[in-house]
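Novice: Quick one: the structure is below, and I'll ask about it shortly.
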Amino acid sequence: MRDSRTRSKGRWAAAPLLVFAVIVFGVPMLVLLGGTFTKEGTLSTANLTESLQGAYLTALVGSVKISALVAVLGGVLGTFLAQAVVTSRFRALREAVLTASGVLANFGGVPLAFAWIATLGNSGVVTTTLGLGQHGWNLYNFWGLTLVYLYFSIPLQVLTVVPALDGLRPQWREAAQNNGASTWQFWRYVGIPVLTPALLGGVVLLFGGAFSAYATAQAMVGSTVPLVTLKIADALTGNVLIGHENVALALSLDMIVVAGLVMAVYLPLQRRSARWLR
Amino acid sequence: MNGARVEFRGLRRRFGSTVALDGLDLTVEPGELIALLGPSGCGKTTALRCLAGFEQPDEGEVLVDGADITRVPANRRDAGMVFQSYSLFPNLNARDNVGFGLRVRKAPAAKRHARAQELLELVGLPSVGDRYPHQLSGGQQQRVALARALALEPRVLLLDEPLSALDAKVRVTLREEIRRLQLSLGITTIFVTHDQEEALSMADRVAVLREGRLEQVADPATLYDRPATPFVAEFVGAMNHLPGLVSGDRVTVLGQTLPVEGPSPDAARVDVLVRPEAVLVTPDGEGDGIVMVSSFRGSTARLRVRLGDGNEVLADVPGHDSARFAPGTAVRVGLVERPVLVSARPEAGAAAAVPEPDVV
Ligand SMILES: Nc1ncnc2c1ncn2[C@@H]1O[C@H](COP(=O)(O)OP(=O)(O)OP(=O)(O)O)[C@@H](O)[C@H]1O
Ligand SMILES: [Mg+2]
């Protein structure tokens, strides 16, 4: 009796929060949908069609490409770095790398761009000292941007994977050896499967981070590298054509759909890889 | 499957300034279950890990059937190991855990599953094959770990405190089962524990380690009745030290004269070593002993009795009699008539060190 009463009370206690969440998350979404499907005051799919054509499509594909590349490269490199740190015998190194990762994973926007421009830009310190310019070095392209995105992505991957690596018990490795497994076989049958949920989670985070990044790219490459976030900004500020705000909304919707597709791939993989956890 | 002979020869291992093994010599006979017993940090785990190949000794060698395996990598050694806890691969179900070694050896799936099932039945868990480790109880996990250790038919089985994470009841059943299995397979087994009751009840022989060396190795009865050193006497079971006076091959203690076990010492004044169960107490208003503390342990109760001369003595009485020995009761104290061990009396002061009643 008393039990059921407290339980139903508990259920209502969450209600205000849920209502709040629905409003906060739902209203912008409705505005986004409404704008996307409105052209000159009438219902239309023209904005959406336009957002998937020509330069807009190129920008969308460019964003997906760079994000996927950063996610995979950052995921792999970050995982190796994390493993090196976790197995290191120097506690100070571990603390230093983790602290640095915490800082760098949140280092983005214009400051990040300037840090790189000052270092490896056309007249950056390293570029001029080593004379990289004569060898065709150029930071302001797709690969340069990838490099800069990795600068915050690798630390982010380190942060997500280190706890999982710490969770790998030494007994598992020893038990595997005891059963005749080589180091590679341990990783193949136990280590990597146990880490997969965390690795996947990290890769998705990296994808999202790179996909939505804007200020860094804006400060660094302007419009030389086509990215969807740059196009949205252009359309909103009327840089290109007046009256394209609703195309910006359509592009945002495209981004949401891409993120949704990523989740549609990620969630089943995650569920499969974490089967043994449930 | 037949057990192998295992020899540790002059094994030394130090970690920085800690000496974990300090010249350990021990031979384990084929098919024998030997328990490594000793206080925490005495090197039991290190010795076992040297045999499993997870640790390299700085000096000395490990021989299995006469062959030096000291430099053989861990994954080529013929020894199955059960760890203290949580060693099952969390991403594999019980069947795949047990079949892991066969998978590594590229055995076909059908054969692997059949063998895994057979082993799960052997350890009394025929129906948990599909469960993941976190869906098993602690005792079940250790059984599966045992099955996994046996899957490749090793000639040596290594157990590092496999029961210490389990509750008392499961511990007792599981240790009996391990023993039964070990006897039926005839596999040479080294069992690390710091629980002396476990060691005494399971092992063919018990090796007591102290600071990285072998203190004594003997069958449980010998170890208990005739400890070779005061350390063993203290470590295995509780021991009273009572002042005695030797004359010839007899010693006078608590007013009784008993034969001395083994060679008589040179000194006349000795410590007589007596187990609590060899001390007889009877309630007696005229007696010169007073019960100070009584701790009930089920089948027995352990009393701490203060004698008229100020010495204290531990005595065990049947549990159902414990009510007659409440603290404050006056008792008469005697010893069971049988040969007793004596040791040279340490210098004054250190003599009357009687173990606390709740330290077994
Ligand atoms: N990897 C290591 N690094 C540093 N010191 C170690 C290491 N392994 C063991 N030691 C030290 O060596 C000594 C023996 O350790 P060991 O684990 O063999 O003891 P043990 O007898 O198994 O003790 P316990 O009953 O507590 O498990 C201890 O002092 C321990 O601190
Ligand atoms: Mg140990």
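In the structure tokens, chains take letters A, B, ... by order of appearance, with residues numbered from 1 within each chain and ligands from 1 in the order shown.
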Could you give me, as CSV, a per-residue list for chain B showing, wherever an atom lies at most 10 Å from an atom of chain A, the closest pair of atoms and their distance in Å to one decimal, using only C-alpha atoms and sorting by chain then residue number from low to high?
Specialist:
residue,atom,partner,partner_atom,distance
B:Arg49,CA,A:Glu174,CA,9.9
B:Ala52,CA,A:Asn178,CA,7.3
B:Gly53,CA,A:Asn178,CA,8.5
B:Phe54,CA,A:Glu174,CA,7.2
B:Pro73,CA,A:Gln177,CA,8.8
B:Ala74,CA,A:Gln177,CA,6.0
B:Asn75,CA,A:Gly180,CA,4.1
B:Arg76,CA,A:Gly180,CA,6.0
B:Arg77,CA,A:Asn178,CA,7.5
B:Asp78,CA,A:Asn178,CA,8.4
B:Ala79,CA,A:Asn178,CA,7.2
B:Gly80,CA,A:Asn178,CA,6.4
B:Met81,CA,A:Asn178,CA,6.7
B:Val82,CA,A:Ala175,CA,8.1
B:Phe83,CA,A:Gln171,CA,7.3
B:Gln84,CA,A:Gln171,CA,9.1
B:Ser85,CA,A:Gln171,CA,8.6
B:Tyr86,CA,A:Gln171,CA,7.6
B:Ser87,CA,A:Gln171,CA,5.3
B:Leu88,CA,A:Trp172,CA,6.8
B:Phe89,CA,A:Trp172,CA,6.1
B:Pro90,CA,A:Trp276,CA,6.8
B:Asn91,CA,A:Trp276,CA,5.2
B:Leu92,CA,A:Trp276,CA,7.1
B:Asn93,CA,A:Trp276,CA,7.8
B:Asn97,CA,A:Ala176,CA,9.7
B:Val98,CA,A:Asn179,CA,9.6
B:Gly99,CA,A:Asn179,CA,9.4
B:Phe100,CA,A:Asn179,CA,7.0
B:Gly101,CA,A:Asn179,CA,4.6
B:Leu102,CA,A:Asn179,CA,8.2
B:Arg103,CA,A:Ala181,CA,9.2
B:Val104,CA,A:Ala181,CA,5.8
B:Arg105,CA,A:Gly180,CA,7.7
B:Arg131,CA,A:Trp276,CA,8.9
B:Tyr132,CA,A:Trp276,CA,6.2
B:Pro133,CA,A:Trp276,CA,8.5
B:His134,CA,A:Leu277,CA,7.7
B:Gln135,CA,A:Arg278,CA,8.7
B:Ala145,CA,A:Ala175,CA,9.2
B:Arg148,CA,A:Asn179,CA,8.1
B:Ala149,CA,A:Asn179,CA,7.4
B:Leu150,CA,A:Asn179,CA,9.6
B:Ala151,CA,A:Asn179,CA,8.6
B:Leu152,CA,A:Asn179,CA,7.5
B:Pro154,CA,A:Asn179,CA,9.8
Novice: Throw together the list of residues within 7 Å of ligand 1, counting only C-alpha atoms and all ligand atoms, and drop it here as an NGL selection string.
Specialist: :B and (15-16 or 18-20 or 38-47 or 193-194)
Novice: Pick out the residues sitting within 12 Å of region 20-31 of chain A, and hand them over as a PDB file with N, CA, C and O atoms, in the first residue's frame; count only C-alpha atoms, and ignore anything fewer than 5 positions along from it in its own chain.
Specialist:
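Listing of around_11.pdb after writing:
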ATOM      1  N   ALA A  14       9.166  12.801 -11.765  1.00  0.00           N
ATOM      2  CA  ALA A  14       9.958  13.004 -12.975  1.00  0.00           C
ATOM      3  C   ALA A  14       9.219  13.851 -14.006  1.00  0.00           C
ATOM      4  O   ALA A  14       9.827  14.338 -14.955  1.00  0.00           O
ATOM      5  N   ALA A  15       7.914  14.029 -13.804  1.00  0.00           N
ATOM      6  CA  ALA A  15       7.093  14.677 -14.835  1.00  0.00           C
ATOM      7  C   ALA A  15       7.543  16.090 -15.213  1.00  0.00           C
ATOM      8  O   ALA A  15       7.708  16.370 -16.403  1.00  0.00           O
ATOM      9  N   THR A  36      12.132  24.287 -42.734  1.00  0.00           N
ATOM     10  CA  THR A  36      12.641  23.484 -43.842  1.00  0.00           C
ATOM     11  C   THR A  36      11.583  23.297 -44.921  1.00  0.00           C
ATOM     12  O   THR A  36      11.881  23.379 -46.119  1.00  0.00           O
ATOM     13  N   PHE A  37      10.372  23.055 -44.472  1.00  0.00           N
ATOM     14  CA  PHE A  37       9.322  22.732 -45.445  1.00  0.00           C
ATOM     15  C   PHE A  37       8.462  23.946 -45.819  1.00  0.00           C
ATOM     16  O   PHE A  37       7.335  23.812 -46.240  1.00  0.00           O
ATOM     17  N   THR A  38       8.985  25.134 -45.607  1.00  0.00           N
ATOM     18  CA  THR A  38       8.251  26.338 -45.998  1.00  0.00           C
ATOM     19  C   THR A  38       9.101  27.134 -46.987  1.00  0.00           C
ATOM     20  O   THR A  38      10.280  27.393 -46.733  1.00  0.00           O
ATOM     21  N   ASN A 246      16.047  29.435 -44.881  1.00  0.00           N
ATOM     22  CA  ASN A 246      15.365  28.145 -44.781  1.00  0.00           C
ATOM     23  C   ASN A 246      16.178  27.009 -45.393  1.00  0.00           C
ATOM     24  O   ASN A 246      16.032  25.864 -45.000  1.00  0.00           O
ATOM     25  N   LEU A 249      18.159  25.838 -42.617  1.00  0.00           N
ATOM     26  CA  LEU A 249      17.410  24.899 -41.773  1.00  0.00           C
ATOM     27  C   LEU A 249      17.369  23.517 -42.404  1.00  0.00           C
ATOM     28  O   LEU A 249      17.516  22.504 -41.720  1.00  0.00           O
ATOM     29  N   ALA A 250      17.207  23.488 -43.725  1.00  0.00           N
ATOM     30  CA  ALA A 250      17.185  22.197 -44.412  1.00  0.00           C
ATOM     31  C   ALA A 250      18.524  21.484 -44.260  1.00  0.00           C
ATOM     32  O   ALA A 250      18.581  20.275 -44.028  1.00  0.00           O
ATOM     33  N   SER A 252      20.550  21.851 -41.776  1.00  0.00           N
ATOM     34  CA  SER A 252      20.589  21.359 -40.392  1.00  0.00           C
ATOM     35  C   SER A 252      19.837  20.043 -40.281  1.00  0.00           C
ATOM     36  O   SER A 252      20.283  19.105 -39.607  1.00  0.00           O
ATOM     37  N   LEU A 253      18.700  19.983 -40.972  1.00  0.00           N
ATOM     38  CA  LEU A 253      17.931  18.740 -40.946  1.00  0.00           C
ATOM     39  C   LEU A 253      18.751  17.615 -41.566  1.00  0.00           C
ATOM     40  O   LEU A 253      18.794  16.492 -41.049  1.00  0.00           O
ATOM     41  N   ILE A 256      21.064  16.346 -39.037  1.00  0.00           N
ATOM     42  CA  ILE A 256      20.393  15.507 -38.037  1.00  0.00           C
ATOM     43  C   ILE A 256      20.173  14.116 -38.612  1.00  0.00           C
ATOM     44  O   ILE A 256      20.376  13.101 -37.937  1.00  0.00           O
TER      45      ILE A 256
END
Novice: Enumerate, as an NGL selection string, the complete set of residues in region 29-216 of chain A that a backbone-based DSSP assignment places in alpha helix (DSSP H).
Specialist: :A and (29-36 or 46-51 or 54-87 or 91-104 or 109-120 or 125-130 or 142-166 or 170-178 or 183-186 or 192-212 or 215-216)
Novice: Which residues are near region 245-256 of chain B? Cut-off 6 Å, only C-alpha atoms, ignore same chain within fewer than 2 positions. Put them as a list in words.
Specialist: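 Using only C-alpha atoms, the neighbours found are Leu258, Pro259, Val260, Ser264, Ala268 and Arg269 of chain B.
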Novice: Counting only C-alpha atoms, what is within 12 Å of Asp321 (chain B), bar same-chain residues fewer than 4 positions away, as a VMD selection string?
Specialist: chain B and resid 281 to 283 294 296 to 303 316 to 317 325 to 326
Novice: Could those residues be written to a file, using all heavy atoms, as a compact mmCIF listing (two decimals), in the first residue's frame?
Specialist:
# COMPACT_ATOMS: atom_id res chain seq x y z
N VAL B 281 40.45 -29.22 31.17
CA VAL B 281 39.97 -28.35 32.25
C VAL B 281 38.69 -28.93 32.82
O VAL B 281 37.86 -29.47 32.09
CB VAL B 281 39.72 -26.90 31.77
CG1 VAL B 281 41.02 -26.19 31.48
CG2 VAL B 281 38.83 -26.88 30.56
N THR B 282 38.56 -28.86 34.15
CA THR B 282 37.32 -29.30 34.79
C THR B 282 36.92 -28.23 35.79
O THR B 282 37.79 -27.70 36.50
CB THR B 282 37.51 -30.64 35.54
OG1 THR B 282 38.85 -30.68 36.05
CG2 THR B 282 37.27 -31.82 34.62
N PRO B 283 35.63 -27.91 35.83
CA PRO B 283 35.20 -26.92 36.82
C PRO B 283 35.47 -27.46 38.21
O PRO B 283 35.18 -28.63 38.49
CB PRO B 283 33.69 -26.79 36.57
CG PRO B 283 33.44 -27.43 35.24
CD PRO B 283 34.51 -28.43 35.04
N SER B 294 36.00 -16.86 27.11
CA SER B 294 35.52 -18.08 26.48
C SER B 294 34.98 -17.69 25.10
O SER B 294 34.11 -16.85 25.00
CB SER B 294 34.43 -18.70 27.34
OG SER B 294 33.69 -19.62 26.56
N PHE B 296 33.11 -19.12 21.81
CA PHE B 296 32.37 -20.27 21.30
C PHE B 296 32.60 -20.38 19.80
O PHE B 296 32.55 -19.40 19.08
CB PHE B 296 30.89 -20.04 21.59
CG PHE B 296 30.03 -21.19 21.19
CD1 PHE B 296 30.11 -22.40 21.88
CD2 PHE B 296 29.15 -21.08 20.13
CE1 PHE B 296 29.31 -23.46 21.52
CE2 PHE B 296 28.36 -22.15 19.75
CZ PHE B 296 28.44 -23.34 20.45
N ARG B 297 32.91 -21.60 19.31
CA ARG B 297 33.13 -21.74 17.86
C ARG B 297 32.35 -22.90 17.30
O ARG B 297 32.76 -23.53 16.34
CB ARG B 297 34.60 -21.95 17.56
CG ARG B 297 35.47 -21.82 18.78
CD ARG B 297 36.88 -22.08 18.46
NE ARG B 297 37.61 -20.86 18.66
CZ ARG B 297 38.80 -20.62 18.17
NH1 ARG B 297 39.38 -21.52 17.43
NH2 ARG B 297 39.39 -19.50 18.42
N GLY B 298 31.20 -23.21 17.91
CA GLY B 298 30.39 -24.29 17.37
C GLY B 298 30.70 -25.59 18.06
O GLY B 298 30.26 -25.82 19.18
N SER B 299 31.51 -26.43 17.41
CA SER B 299 31.76 -27.74 18.00
C SER B 299 32.65 -27.64 19.24
O SER B 299 32.64 -28.52 20.09
CB SER B 299 32.41 -28.66 16.96
OG SER B 299 33.59 -28.08 16.50
N THR B 300 33.43 -26.58 19.34
CA THR B 300 34.26 -26.41 20.53
C THR B 300 34.13 -24.99 21.03
O THR B 300 33.60 -24.12 20.35
CB THR B 300 35.76 -26.65 20.24
OG1 THR B 300 36.18 -25.66 19.29
CG2 THR B 300 36.03 -28.03 19.69
N ALA B 301 34.62 -24.80 22.26
CA ALA B 301 34.78 -23.45 22.77
C ALA B 301 36.22 -23.35 23.23
O ALA B 301 36.78 -24.30 23.77
CB ALA B 301 33.84 -23.20 23.94
N ARG B 302 36.84 -22.20 22.92
CA ARG B 302 38.24 -22.02 23.33
C ARG B 302 38.29 -21.12 24.55
O ARG B 302 37.75 -20.02 24.55
CB ARG B 302 39.06 -21.44 22.20
CG ARG B 302 40.50 -21.15 22.61
CD ARG B 302 41.42 -21.16 21.45
NE ARG B 302 41.50 -22.48 20.84
CZ ARG B 302 42.17 -22.73 19.71
NH1 ARG B 302 42.76 -21.75 19.09
NH2 ARG B 302 42.21 -23.95 19.23
N LEU B 303 38.93 -21.62 25.62
CA LEU B 303 39.01 -20.86 26.85
C LEU B 303 40.41 -20.31 27.03
O LEU B 303 41.40 -20.94 26.64
CB LEU B 303 38.72 -21.77 28.05
CG LEU B 303 37.49 -22.68 27.97
CD1 LEU B 303 37.39 -23.53 29.23
CD2 LEU B 303 36.24 -21.83 27.80
N ASP B 316 40.71 -26.10 24.79
CA ASP B 316 39.47 -26.33 24.05
C ASP B 316 38.57 -27.28 24.83
O ASP B 316 39.03 -28.30 25.33
CB ASP B 316 39.78 -26.94 22.67
CG ASP B 316 40.32 -25.91 21.71
OD1 ASP B 316 40.33 -24.72 22.07
OD2 ASP B 316 40.74 -26.29 20.60
N VAL B 317 37.30 -26.94 24.91
CA VAL B 317 36.32 -27.84 25.53
C VAL B 317 35.20 -28.06 24.52
O VAL B 317 35.02 -27.24 23.62
CB VAL B 317 35.75 -27.25 26.85
CG1 VAL B 317 36.85 -27.10 27.88
CG2 VAL B 317 35.06 -25.92 26.59
N PHE B 325 31.70 -23.27 31.54
CA PHE B 325 33.00 -22.60 31.65
C PHE B 325 32.87 -21.10 31.39
O PHE B 325 33.64 -20.52 30.65
CB PHE B 325 33.99 -23.21 30.66
CG PHE B 325 34.33 -24.64 30.96
CD1 PHE B 325 33.70 -25.68 30.29
CD2 PHE B 325 35.29 -24.94 31.92
CE1 PHE B 325 34.01 -26.99 30.57
CE2 PHE B 325 35.61 -26.26 32.20
CZ PHE B 325 34.96 -27.29 31.52
N ALA B 326 31.84 -20.52 31.98
CA ALA B 326 31.67 -19.07 31.80
C ALA B 326 32.88 -18.35 32.40
O ALA B 326 33.53 -18.87 33.30
CB ALA B 326 30.40 -18.62 32.49
Novice: Would you pick out the contacts of Asn122 (chain A) at 8 Å or less, using only C-alpha atoms, so that residues sharing its chain but fewer than 3 positions from it are not included, and give the list as JSON, numbers by chain?
Specialist: {"A": [117, 127, 128, 133, 138, 139]}
Novice: Can you pull out the residues contacting Gly201 (chain A)? Cut-off 9 Å, using only C-alpha atoms, and skip same-chain residues under 5 positions away; I want them as a tab-separated table (two decimals) with C-alpha atoms, in the first residue's frame.
Specialist:
chain	number	residue	atom	x	y	z
A	160	THR	CA	36.95	7.54	-23.41
A	196	THR	CA	34.70	-2.78	-28.48
A	206	LEU	CA	34.78	11.81	-32.53
A	266	TYR	CA	26.21	2.37	-34.11
A	270	GLN	CA	27.03	-1.52	-29.77
Novice: Could you tell me how far CA of Leu33 (chain B) lies from CA of Gly237 (chain B), in Å and to one decimal?
Specialist: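 Rounded to one decimal, the two atoms are 20.4 Å apart.
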Novice: Using only C-alpha atoms and all ligand atoms, which of B:Ser17, B:Ser164, B:Gln216, B:Thr173 sits nearest ligand 2?
Specialist: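 Looking at the shortest contact to ligand 2, the residue is B:Ser164.
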